[in-house]
Every structure is written in structure tokens, then in C-alpha cells.
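Source file data16.cif; content: mmCIF, C-alpha atoms and all ligand atoms.
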data_structure
loop_
_atom_site.label_atom_id
_atom_site.label_comp_id
_atom_site.auth_asym_id
_atom_site.auth_seq_id
_atom_site.Cartn_x
_atom_site.Cartn_y
_atom_site.Cartn_z
CA ASP G 1 108.13 83.80 82.29
CA VAL G 2 105.35 85.10 84.51
CA CYS G 3 102.78 82.91 86.27
CA VAL G 4 99.62 84.62 87.55
CA LEU G 5 97.35 82.98 90.13
CA GLY G 6 94.10 84.91 90.29
CA SER G 7 90.53 85.75 89.48
CA PHE G 8 88.19 85.93 86.53
CA MET G 9 85.22 88.29 86.87
CA LYS G 10 82.73 89.08 84.15
CA ASP G 11 81.62 92.68 84.67
CA LEU G 12 77.99 93.31 83.74
CA VAL G 13 77.79 97.08 83.84
CA THR G 14 74.59 99.15 83.84
CA GLN G 15 74.45 102.91 83.48
CA ALA G 16 71.45 104.26 85.37
CA PRO G 17 70.16 107.66 86.50
CA ARG G 18 70.56 106.41 90.10
CA ARG G 19 70.55 103.22 92.13
CA PRO G 20 67.10 101.64 92.61
CA ARG G 21 65.52 101.82 96.07
CA PRO G 22 64.17 98.64 97.76
CA GLY G 23 61.17 97.34 95.83
CA GLU G 24 61.72 99.73 92.95
CA THR G 25 62.38 99.00 89.26
CA ILE G 26 64.02 101.71 87.19
CA ARG G 27 65.22 101.93 83.61
CA GLY G 28 68.92 101.94 82.90
CA ARG G 29 70.48 103.89 80.01
CA ALA G 30 73.06 101.40 78.79
CA PHE G 31 74.48 97.94 79.42
CA ASP G 32 77.96 96.54 78.69
CA GLU G 33 79.83 93.32 79.44
CA TYR G 34 83.57 93.27 80.06
CA LEU G 35 86.03 90.49 80.80
CA GLY G 36 87.81 91.40 84.02
CA GLY G 37 89.04 90.21 87.38
CA LYS G 38 92.38 91.34 88.76
CA GLY G 39 94.13 88.06 87.95
CA PHE G 40 92.92 87.94 84.36
CA ASN G 41 93.65 91.63 83.71
CA GLN G 42 97.17 91.31 85.11
CA ALA G 43 97.87 88.18 83.06
CA ILE G 44 96.83 90.00 79.88
CA ALA G 45 98.94 93.00 80.91
CA ALA G 46 102.03 90.85 81.54
CA ARG G 47 101.61 89.05 78.24
CA ARG G 48 101.14 92.27 76.27
CA ALA G 49 104.19 93.76 77.99
CA GLY G 50 106.19 90.94 76.44
CA ALA G 51 106.36 88.10 78.97
CA ARG G 52 105.53 84.48 78.30
CA THR G 53 102.60 84.15 80.69
CA ALA G 54 100.56 81.36 82.28
CA MET G 55 97.47 81.68 84.44
CA ILE G 56 96.08 79.51 87.26
CA GLY G 57 92.44 79.88 88.36
CA ARG G 58 88.87 78.76 87.79
CA VAL G 59 86.05 79.81 85.51
CA GLY G 60 82.54 78.31 85.34
CA ASP G 61 81.33 75.90 82.69
CA ASP G 62 79.21 78.64 81.13
CA ARG G 63 79.42 81.21 78.32
CA HIS G 64 81.44 83.66 80.39
CA GLY G 65 84.03 80.98 81.12
CA ALA G 66 84.24 80.17 77.42
CA GLU G 67 84.85 83.85 76.63
CA PHE G 68 87.72 84.04 79.13
CA LEU G 69 89.36 80.91 77.72
CA ALA G 70 88.97 82.26 74.18
CA MET G 71 90.66 85.55 75.05
CA LEU G 72 93.51 83.80 76.90
CA ALA G 73 94.09 81.67 73.79
CA GLU G 74 93.88 84.69 71.48
CA GLU G 75 96.44 86.60 73.57
CA GLY G 76 98.75 83.61 73.88
CA VAL G 77 98.41 83.09 77.65
CA ASP G 78 98.91 79.47 78.75
CA ALA G 79 95.60 78.33 80.30
CA ALA G 80 96.47 74.67 80.90
CA TYR G 81 95.82 75.20 84.64
CA VAL G 82 92.63 77.22 84.34
CA ARG G 83 89.88 74.82 85.44
CA ARG G 84 86.35 74.88 84.08
CA ASP G 85 84.30 74.28 87.18
CA SER G 86 80.94 72.63 86.57
CA GLY G 87 79.66 73.27 90.11
CA TRP G 88 79.97 77.04 90.01
CA GLY G 89 79.38 79.74 87.46
CA THR G 90 82.08 82.18 86.40
CA GLY G 91 82.60 85.05 88.85
CA VAL G 92 80.58 88.17 88.07
CA GLY G 93 80.70 91.83 89.03
CA LEU G 94 77.52 93.92 88.80
CA PRO G 95 78.37 97.63 88.84
CA VAL G 96 75.73 100.33 88.54
CA VAL G 97 77.30 103.51 87.20
CA GLU G 98 75.51 106.78 87.99
CA PRO G 99 75.67 109.85 85.72
CA ASP G 100 78.44 111.48 87.82
CA GLY G 101 80.62 108.40 87.14
CA SER G 102 80.40 107.02 90.69
CA ASN G 103 79.63 103.34 90.93
CA SER G 104 78.19 100.79 93.35
CA ILE G 105 79.28 97.22 92.77
CA ILE G 106 78.06 93.78 93.82
CA ILE G 107 80.59 91.03 93.17
CA VAL G 108 79.80 87.33 93.26
CA PRO G 109 83.11 85.43 93.14
CA ARG G 110 81.56 81.97 92.41
CA ALA G 111 84.25 79.81 90.73
CA ASN G 112 87.01 82.10 92.06
CA ASP G 113 86.03 81.10 95.61
CA ALA G 114 86.46 77.43 94.69
CA VAL G 115 90.18 77.78 93.88
CA THR G 116 92.01 75.50 96.33
CA ALA G 117 95.54 74.81 97.50
CA ASP G 118 95.25 71.53 95.56
CA ASP G 119 94.60 73.43 92.31
CA VAL G 120 97.85 75.25 92.95
CA LEU G 121 99.79 72.09 93.83
CA ALA G 122 98.57 70.52 90.59
CA ALA G 123 99.99 73.55 88.76
CA ALA G 124 103.36 73.34 90.52
CA PRO G 125 105.31 72.71 87.29
CA VAL G 126 104.14 75.98 85.75
CA ILE G 127 105.06 77.95 88.90
CA GLN G 128 108.45 76.28 89.20
CA ARG G 129 109.46 77.06 85.64
CA SER G 130 108.55 80.77 85.92
CA ARG G 131 110.82 83.67 86.85
CA VAL G 132 108.01 85.57 88.59
CA LEU G 133 104.83 84.55 90.40
CA LEU G 134 102.22 87.32 90.53
CA VAL G 135 99.25 87.03 92.95
CA GLN G 136 96.38 89.18 94.23
CA LEU G 137 93.74 88.51 96.93
CA GLU G 138 90.65 87.79 94.79
CA VAL G 139 91.04 84.01 95.23
CA PRO G 140 91.10 82.26 98.65
CA LEU G 141 94.14 82.89 100.85
CA PRO G 142 95.12 79.19 101.25
CA ALA G 143 95.61 78.97 97.48
CA VAL G 144 97.63 82.21 97.45
CA LEU G 145 99.86 81.09 100.33
CA THR G 146 100.45 77.69 98.73
CA ALA G 147 101.55 79.38 95.51
CA LEU G 148 103.90 81.71 97.41
CA HIS G 149 105.45 78.75 99.27
CA LEU G 150 105.94 76.78 96.06
CA ALA G 151 107.53 79.78 94.36
CA ARG G 152 109.79 80.52 97.32
CA SER G 153 111.15 76.97 97.46
CA ALA G 154 111.83 77.03 93.70
CA ASN G 155 113.58 80.44 93.86
CA VAL G 156 110.85 82.11 91.81
CA LEU G 157 110.44 85.83 92.57
CA THR G 158 107.08 86.62 94.17
CA VAL G 159 105.03 89.77 93.62
CA LEU G 160 101.93 90.37 95.80
CA ASN G 161 99.29 92.91 94.78
CA PRO G 162 97.33 92.89 98.09
CA ALA G 163 93.99 93.75 96.50
CA PRO G 164 91.27 93.81 97.64
CA SER G 165 92.82 94.40 101.06
CA ALA G 166 92.47 91.54 103.52
CA PRO G 167 94.23 90.46 106.71
CA LEU G 168 97.48 88.63 105.97
CA PRO G 169 99.50 86.25 108.18
CA GLU G 170 102.21 87.85 110.37
CA ASP G 171 105.01 86.02 108.58
CA ILE G 172 103.95 86.95 105.04
CA SER G 173 107.16 88.91 104.46
CA ALA G 174 109.12 85.66 104.37
CA LEU G 175 107.17 84.66 101.25
CA VAL G 176 106.87 87.95 99.37
CA ASP G 177 109.67 89.62 97.43
CA VAL G 178 107.79 92.67 96.19
CA VAL G 179 104.49 94.08 97.50
CA VAL G 180 102.46 96.47 95.31
CA PRO G 181 99.39 98.06 96.95
CA ASN G 182 97.58 101.26 95.99
CA GLU G 183 97.23 104.04 98.60
CA VAL G 184 94.06 102.67 100.18
CA GLU G 185 95.48 99.18 100.50
CA ALA G 186 98.80 100.48 101.85
CA GLU G 187 96.95 102.43 104.55
CA SER G 188 94.92 99.44 105.60
CA LEU G 189 97.98 97.13 105.64
CA THR G 190 100.14 99.47 107.74
CA GLY G 191 97.60 101.60 109.60
CA LEU G 192 99.70 104.57 108.44
CA PRO G 193 98.68 107.47 106.18
CA CYS G 194 99.57 107.72 102.47
CA HIS G 195 98.29 111.23 101.69
CA GLY G 196 100.79 113.87 100.58
CA ASP G 197 104.37 113.37 101.76
CA ALA G 198 103.26 110.93 104.48
CA VAL G 199 103.59 108.13 101.93
CA LEU G 200 107.38 108.57 102.01
CA GLY G 201 107.34 107.44 105.64
CA THR G 202 104.78 104.70 105.11
CA ALA G 203 106.48 102.99 102.17
CA PRO G 204 109.61 101.79 104.07
CA THR G 205 107.39 100.46 106.89
CA LEU G 206 105.28 98.63 104.35
CA ARG G 207 108.44 97.10 102.88
CA ARG G 208 109.74 96.01 106.28
CA ARG G 209 106.46 94.37 107.28
CA LEU G 210 105.41 92.79 104.01
CA ALA G 211 108.27 92.08 101.63
CA ARG G 212 111.93 91.14 101.37
CA ARG G 213 113.11 92.97 98.26
CA GLY G 214 110.90 95.97 97.78
CA ALA G 215 107.61 97.81 98.11
CA ILE G 216 105.80 99.94 95.57
CA ILE G 217 102.79 102.11 96.38
CA THR G 218 100.79 103.25 93.35
CA LEU G 219 99.35 106.72 93.84
CA GLY G 220 97.02 106.99 90.83
CA GLY G 221 97.42 110.41 89.20
CA ARG G 222 100.21 111.23 91.71
CA GLY G 223 102.59 108.56 90.39
CA VAL G 224 104.47 105.88 92.32
CA VAL G 225 106.71 105.45 95.37
CA VAL G 226 109.35 102.70 95.19
CA VAL G 227 111.41 101.29 98.07
CA ASP G 228 114.23 99.09 96.84
CA ARG G 229 117.90 98.45 97.42
CA PRO G 230 120.52 98.86 94.76
CA GLY G 231 122.82 95.85 94.50
CA ASP G 232 119.99 93.71 95.82
CA ASP G 233 121.37 90.37 94.75
CA GLU G 234 124.47 90.62 96.90
CA VAL G 235 122.49 90.68 100.15
CA PRO G 236 121.75 87.23 101.60
CA PRO G 237 118.13 86.86 102.81
CA GLU G 238 119.12 86.50 106.48
CA ALA G 239 120.93 89.86 106.36
CA VAL G 240 118.07 91.80 104.80
CA ASP G 241 116.79 93.43 107.98
CA ALA G 242 120.21 94.73 108.96
CA TYR G 243 120.91 96.01 105.46
CA ALA G 244 121.17 99.79 105.43
CA GLY G 245 121.08 100.47 101.71
CA TRP G 246 117.33 100.88 101.23
CA ARG G 247 116.32 103.85 99.11
CA THR G 248 112.95 105.48 98.51
CA SER G 249 112.26 106.96 95.06
CA VAL G 250 109.31 108.88 93.66
CA LEU G 251 108.24 108.43 90.04
CA ASN G 252 106.14 111.23 88.62
CA PRO G 253 103.02 110.30 86.64
CA LEU G 254 103.35 110.51 82.87
CA ALA G 255 101.13 113.13 81.23
CA VAL G 256 98.48 111.39 79.13
CA ASP G 257 94.85 112.04 78.16
CA THR G 258 93.14 110.15 80.96
CA ILE G 259 89.53 109.09 80.34
CA ASP G 260 89.03 106.02 82.57
CA THR G 261 91.33 105.01 85.41
CA VAL G 262 89.79 101.56 85.94
CA GLY G 263 92.44 98.90 85.33
CA ALA G 264 95.47 101.19 85.78
CA GLY G 265 96.66 99.22 88.80
CA ASP G 266 96.30 95.92 86.93
CA ALA G 267 98.25 97.27 83.93
CA PHE G 268 100.94 98.42 86.37
CA CYS G 269 101.26 95.06 88.16
CA GLY G 270 101.29 92.99 84.96
CA ALA G 271 103.91 95.15 83.25
CA LEU G 272 106.01 95.26 86.43
CA ALA G 273 106.07 91.46 86.65
CA ALA G 274 106.95 91.18 82.96
CA ARG G 275 109.97 93.48 83.37
CA ILE G 276 111.18 91.80 86.57
CA ALA G 277 110.96 88.47 84.72
CA ALA G 278 113.03 90.00 81.92
CA GLY G 279 115.77 90.80 84.45
CA ASP G 280 115.18 94.50 85.17
CA GLY G 281 115.89 95.91 88.62
CA LEU G 282 112.85 96.97 90.62
CA LEU G 283 113.19 100.70 89.97
CA SER G 284 113.48 100.39 86.19
CA ALA G 285 110.66 97.82 86.11
CA ALA G 286 108.55 100.35 88.06
CA GLU G 287 109.38 103.12 85.55
CA TYR G 288 108.14 100.86 82.77
CA ALA G 289 105.01 99.92 84.74
CA ASN G 290 104.34 103.61 85.44
CA ALA G 291 104.03 104.11 81.67
CA ALA G 292 101.83 101.02 81.31
CA GLY G 293 99.49 102.30 84.05
CA ALA G 294 99.28 105.72 82.40
CA LEU G 295 98.40 104.20 79.00
CA ALA G 296 95.64 102.07 80.55
CA THR G 297 93.91 105.28 81.69
CA THR G 298 93.65 106.53 78.11
CA ARG G 299 91.15 103.76 77.19
CA ARG G 300 87.87 102.43 78.50
CA GLY G 301 87.45 98.87 79.71
CA THR G 302 89.95 96.77 81.62
CA ALA G 303 91.61 93.80 79.89
CA PRO G 304 91.18 95.27 76.38
CA ALA G 305 92.76 98.53 77.67
CA MET G 306 96.04 96.84 78.65
CA PRO G 307 98.89 98.41 76.65
CA ARG G 308 101.41 96.55 74.48
CA ALA G 309 105.21 96.68 74.79
CA ASP G 310 105.65 98.87 71.67
CA GLU G 311 103.22 101.51 73.00
CA ILE G 312 104.85 101.51 76.42
CA GLY G 313 108.27 101.89 74.83
CA ALA G 314 107.02 104.77 72.68
CA LEU G 315 105.60 106.63 75.71
CA LEU G 316 108.87 106.20 77.63
CA THR G 317 110.99 107.63 74.80
CA ARG G 318 108.54 110.40 73.92
P1 LIG G 401 94.53 101.18 91.23
O1 LIG G 401 93.81 101.07 89.92
O2 LIG G 401 94.97 99.85 91.76
O3 LIG G 401 93.88 102.04 92.28
P2 LIG G 401 96.29 103.44 90.71
O4 LIG G 401 95.06 104.26 90.51
O5 LIG G 401 97.20 103.80 91.82
O6 LIG G 401 95.92 101.90 90.84
O7 LIG G 401 97.10 103.47 89.32
C1 LIG G 401 98.20 102.64 89.09
C2 LIG G 401 99.26 103.38 88.34
O8 LIG G 401 98.79 103.78 87.04
C3 LIG G 401 99.73 104.69 88.98
O9 LIG G 401 100.68 104.46 90.00
C4 LIG G 401 100.34 105.39 87.77
O10 LIG G 401 101.58 104.79 87.43
C5 LIG G 401 99.33 105.04 86.68
N1 LIG G 401 98.25 106.04 86.64
C6 LIG G 401 97.03 105.96 87.24
N2 LIG G 401 96.31 107.09 87.00
C7 LIG G 401 97.09 107.89 86.23
C8 LIG G 401 96.92 109.19 85.64
N3 LIG G 401 95.79 109.89 85.80
N4 LIG G 401 97.96 109.69 84.91
C9 LIG G 401 99.11 109.00 84.74
N5 LIG G 401 99.32 107.78 85.27
C10 LIG G 401 98.34 107.22 86.00
#
Show the structure stored in the file as C-alpha cells.
Ligand code: ADP
Amino acid sequence: DVCVLGSFMKDLVTQAPRRPRPGETIRGRAFDEYLGGKGFNQAIAARRAGARTAMIGRVGDDRHGAEFLAMLAEEGVDAAYVRRDSGWGTGVGLPVVEPDGSNSIIIVPRANDAVTADDVLAAAPVIQRSRVLLVQLEVPLPAVLTALHLARSANVLTVLNPAPSAPLPEDISALVDVVVPNEVEAESLTGLPCHGDAVLGTAPTLRRRLARRGAIITLGGRGVVVVDRPGDDEVPPEAVDAYAGWRTSVLNPLAVDTIDTVGAGDAFCGALAARIAAGDGLLSAAEYANAAGALATTRRGTAPAMPRADEIGALLTR
């Protein structure tokens, strides 16, 4: 089982010829609403990749919140610990997309910012019965750290997608088994470059600073770098830093017809957590997630674009 602590963001997207200037009103060309938020997208991705999945977080007591709860129910994600917060609205994102595809986004986290350590403590049973806890940084850090502590003391594997990037406590590596940033986040976490071959030097440093069992840097259309150690389970935690068997692997991107890369990282993280929960080693879970990320780029939208286990399997055996 996978437990996801994270965000819900309703994206209200306008297409416009350009951004308005101060005091100006302009006409947009199109408007769409999407259910999103890194936590929600990753929960849907984990579920569709075959894991029993539960989510912890907050939505508002409004129509957006109702839509999120309906989709969680439809997909079969356990939402017993998703609170409907009457004091705040559901989190929203307001992107303006210009004709060249570039976007400018305002996000208002609202109910996501109200997630507390107490919410997480109340959800302790669902964390403790999971194989994997998956977290991002779109809800407040005290809630995230509480979830990581609870998981660690119950021997639940922890996966941190450090997005959006934010300062983390020095001792975070004691709480995180696997860290999964994209290139931009990896650079800001380590202060080291990720362009070209430089990422091969950065990934082991990222692992050493942030996580006990492995680090994965997603490189968009360039694929994935994985730092792991074969025979992982034989190494006791206190011996990890002296362990010499770390290896760095590169996974090439799968060739697909990419039309929209939004949500690829979320598809990757959700599928990765699902395969770790199913007992895969980190490298084979990453190979599976690499296919899930690729498939997500072949569709528009975020949560609805998350691929299912049968499609991922078909791409891998193509
Ligand atoms: P994020 O959305 O967090 O920035 P990335 O853009 O790094 O994440 O994408 C996550 C993963 O999705 C990549 O590591 C890769 O596995 C897959 N992916 C992304 N873009 C492509 C692409 N154009 N072709 C094939 N796979 C892709």
C-alpha cells in the first residue's frame, strides 16, 4: 500500500494572447479547469499503477473540494483522512498560457496551508499500515516531517519528491529513504549542476545528503539518473555511509509522441512508489516509472493523464 500526504490544487487555466499589464483588461481565448496538485496527481498515479492508495490532506468545503473527493472515490483512493476544511477554500492555481506555450502562474494554497502535524497524527493508522509513504513540499513542512517520523518508526519506506524546492532540515536524510527531485530541484538542493554529464557527479552527493537508500533525478526528455545499492537490505542503517557498493545508472527516455510534459514528474513519483510498495528494487521501480512518466507526456491535463498499469506494461514490452 502507498500513503500520499500532499496537496490539492484546482487549476483554472486561461489561454490569452499575452499577460495583462497593470490596470488592463484583455480577452482570453479559452478557459479550462483541471484537478491537480502534486499530492493528488501522485496519489492517482500510484493507484492507477496498481497500488492500494490512501491520501492525507485538506480540501475546502466548496465545489472544487467536492470534485476532488468524487474523483478519489471514483479511482478507489482511500480519502478517510482528507479533511473538508470549512475555514478555507480549496487550493487553486491560476495559470495564464501564452500562444508560445509559456505560462505564468499564481497559486493560492488555501486549505493546503492549513494541513497540520495533528492532521497527520490523526492519520497515523493509515501511514503505519502502508509499505510506502510518499510526500512532496506543497503542504507545510511540520506536517511533512511528522509523517516522515511516523513512517520511519513504523518501518514504512519513505519517498520524498522535494517539489517545489524549499529549505530542508540538516538531518532530513535520517528520515528519507529515497529522494526524487527533477534537475532544477536537485541543483537547488545540492548547489551543484545537473546539465549534461555533470548530473552523474551530483546524483551521489544528493543521495549522501538527502536519503538513506537512493536518489533519483528526473531529467525530463533526457531520462533518469538512479543512485542505489544492490543488495540494499543487507546493509544495516548505521553502516550506510561506509558502504561502498553504491552504483549510478542512467535510464534513457522512452520514445513516445510527447504533446504536454506537465504532470510527467507526478506520474513518475506515483508509479515509482507503487512499484516499491510491490517489492521491486529501486532500479526496476525507476524503469517502470520512466515508462509512466513518458506516457503522461502523450496526453494533456495532469491527473486524467496518469497512465494505468496495463499501458505502462505494454510500453515496457514494446
Ligand atoms: P517534472 O515534471 O517534475 O519536471 P520531468 O520533466 O523530469 O519531471 O519528467 C519526469 C520523467 O518523465 C522523466 O524523468 C522521464 O522518465 C519522463 N519524461 C518526461 N518527459 C519525457 C519525454 N519528452 N519523453 C520521454 N519521457 C519523458
If I wrap all listed atoms of ligand LIG 401 (chain G) in a box with edges along x, y and z and add 6 Å on each side, what are its centre and edge lengths in Å to one decimal, as lines of an AutoDock Vina configuration file?
center_x = 97.7
center_y = 104.9
center_z = 88.5
size_x = 19.8
size_y = 22.0
size_z = 19.5
Near-G:Ser130 list (8 Å; only C-alpha atoms; drop same-chain fewer than 6 positions) as a ChimeraX atom specification: /G:1-3,156
Please indicate the distance in Å from atom CA of G:Thr53 to atom CA of G:Gly65, rounded to one decimal place.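 Interatomic distance, atom CA of G:Thr53 to atom CA of G:Gly65: 18.8 Å.
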Could I get the residue neighbourhood of ligand LIG 401 (chain G) at 6 Å, counting only C-alpha atoms and all ligand atoms, as number ranges by chain? G: 182, 218-221, 223-224, 253-255, 258, 261-265, 268, 290, 293-294
Rank nothing, just name the residue among G:Val256, G:Leu168, G:Leu12, G:Leu251 nearest to G:Ala285, using only C-alpha atoms.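 Looking at the shortest contact to G:Ala285, the residue is G:Leu251.
A cut-off of 9 Å from the point (93.8, 73.6, 92.0), with all atoms listed in the file, picks out the residues Ile56, Gly57, Arg58, Tyr81, Val82, Arg83, Ala114, Val115, Thr116, Ala117, Asp118, Asp119, Val120, Leu121, Ala122, Ala123 and Ala143 of chain G.
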Between atom CA of G:Val226 and atom CA of G:Val250 - distance in Å to one decimal: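 Separation between atom CA of G:Val250 and atom CA of G:Val226: 6.4 Å.
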Point out the residue among G:Leu157, G:Asp78, G:Val13, G:Ala111 with the least atom-to-atom distance to G:Ala174, counting only C-alpha atoms.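 Under the stated criterion, the closest residue is G:Leu157.
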Selected residue of minimal separation from G:Arg152 among G:Glu183, G:Asp228, G:Asp62, G:Asp177, counting only C-alpha atoms: G:Asp177
Which residues are near stretch 276-278 of chain G? Cut-off 6 Å, all atoms listed in the file, ignore same chain within fewer than 3 positions. Put them as a ChimeraX atom specification. /G:1,131-132,273
At what distance in Å, to one decimal, does atom CA of G:Ala54 lie from atom CA of G:Leu5? 8.6 Å
Residue neighbourhood G:Leu200, 10 Å, all atoms listed in the file, exclusion window fewer than 5 positions, as a ChimeraX atom specification: /G:193-195,205,217,225-227,248-250
All residues 12 Å or closer to G:Leu272, all atoms listed in the file, same chain fewer than 6 positions away omitted, as a count of residues only: 43
Using only C-alpha atoms, which residues sit within 12 Å of G:Val97 once same-chain residues fewer than 4 positions away are excluded, as a list of chain:residue names?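 Selected residues are G:Asp11, G:Leu12, G:Val13, G:Thr14, G:Gln15, G:Ala16, G:Pro17, G:Arg18, G:Arg19, G:Pro20, G:Gly28, G:Arg29, G:Ala30, G:Phe31, G:Asp32, G:Gly101, G:Ser102, G:Asn103, G:Ser104, G:Ile105, G:Ile106.
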Protein, DNA and RNA residues within 10 Å of (79.6, 74.8, 88.6), all atoms listed in the file, as a list of chain:residue names: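 Using all atoms listed in the file, the matching residues come out as G:Val59, G:Gly60, G:Asp61, G:Asp62, G:Arg84, G:Asp85, G:Ser86, G:Gly87, G:Trp88, G:Gly89, G:Thr90, G:Arg110, G:Ala111, G:Ala114.
Nearest to G:Gly231 of all the residues G:Ala244, G:Ala314, G:Val139, G:Ile127 is G:Ala244, counting all atoms listed in the file.
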For stretch 70-168 of chain G against stretch 33-41 of chain G, with a cut-off of 10 Å and counting all atoms listed in the file, what is the closest atom pair and its distance in Å to one decimal for every residue that makes the cut, ordered by chain and number, as a tab-separated table?
residue	atom	partner	partner_atom	distance
G:Met71	CA	G:Leu35	CA	8.9
G:Leu72	CA	G:Phe40	CA	8.6
G:Val77	CA	G:Phe40	CA	9.9
G:Gly91	CA	G:Gly37	CA	8.4
G:Val92	CA	G:Gly37	CA	8.7
G:Gly93	CA	G:Gly37	CA	8.7
G:Leu94	CA	G:Glu33	CA	9.7
G:Pro109	CA	G:Gly37	CA	9.5
G:Asn112	CA	G:Gly37	CA	9.6
G:Leu134	CA	G:Gly39	CA	8.5
G:Val135	CA	G:Gly39	CA	7.2
G:Gln136	CA	G:Gly39	CA	6.8
G:Leu137	CA	G:Lys38	CA	8.8
G:Glu138	CA	G:Lys38	CA	7.2
G:Val139	CA	G:Gly39	CA	8.9
G:Asn161	CA	G:Lys38	CA	9.3
G:Ala163	CA	G:Lys38	CA	8.3
G:Pro164	CA	G:Lys38	CA	9.3
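Taking all atoms listed in the file into account, G:Asp260 lies nearest to G:Arg300 out of the set G:Glu75, G:Pro307, G:Arg300, G:His64.
Closest approach to G:Ile172 among G:Phe8, G:Glu187, G:Ala198, G:Arg208: G:Arg208, based on only C-alpha atoms.
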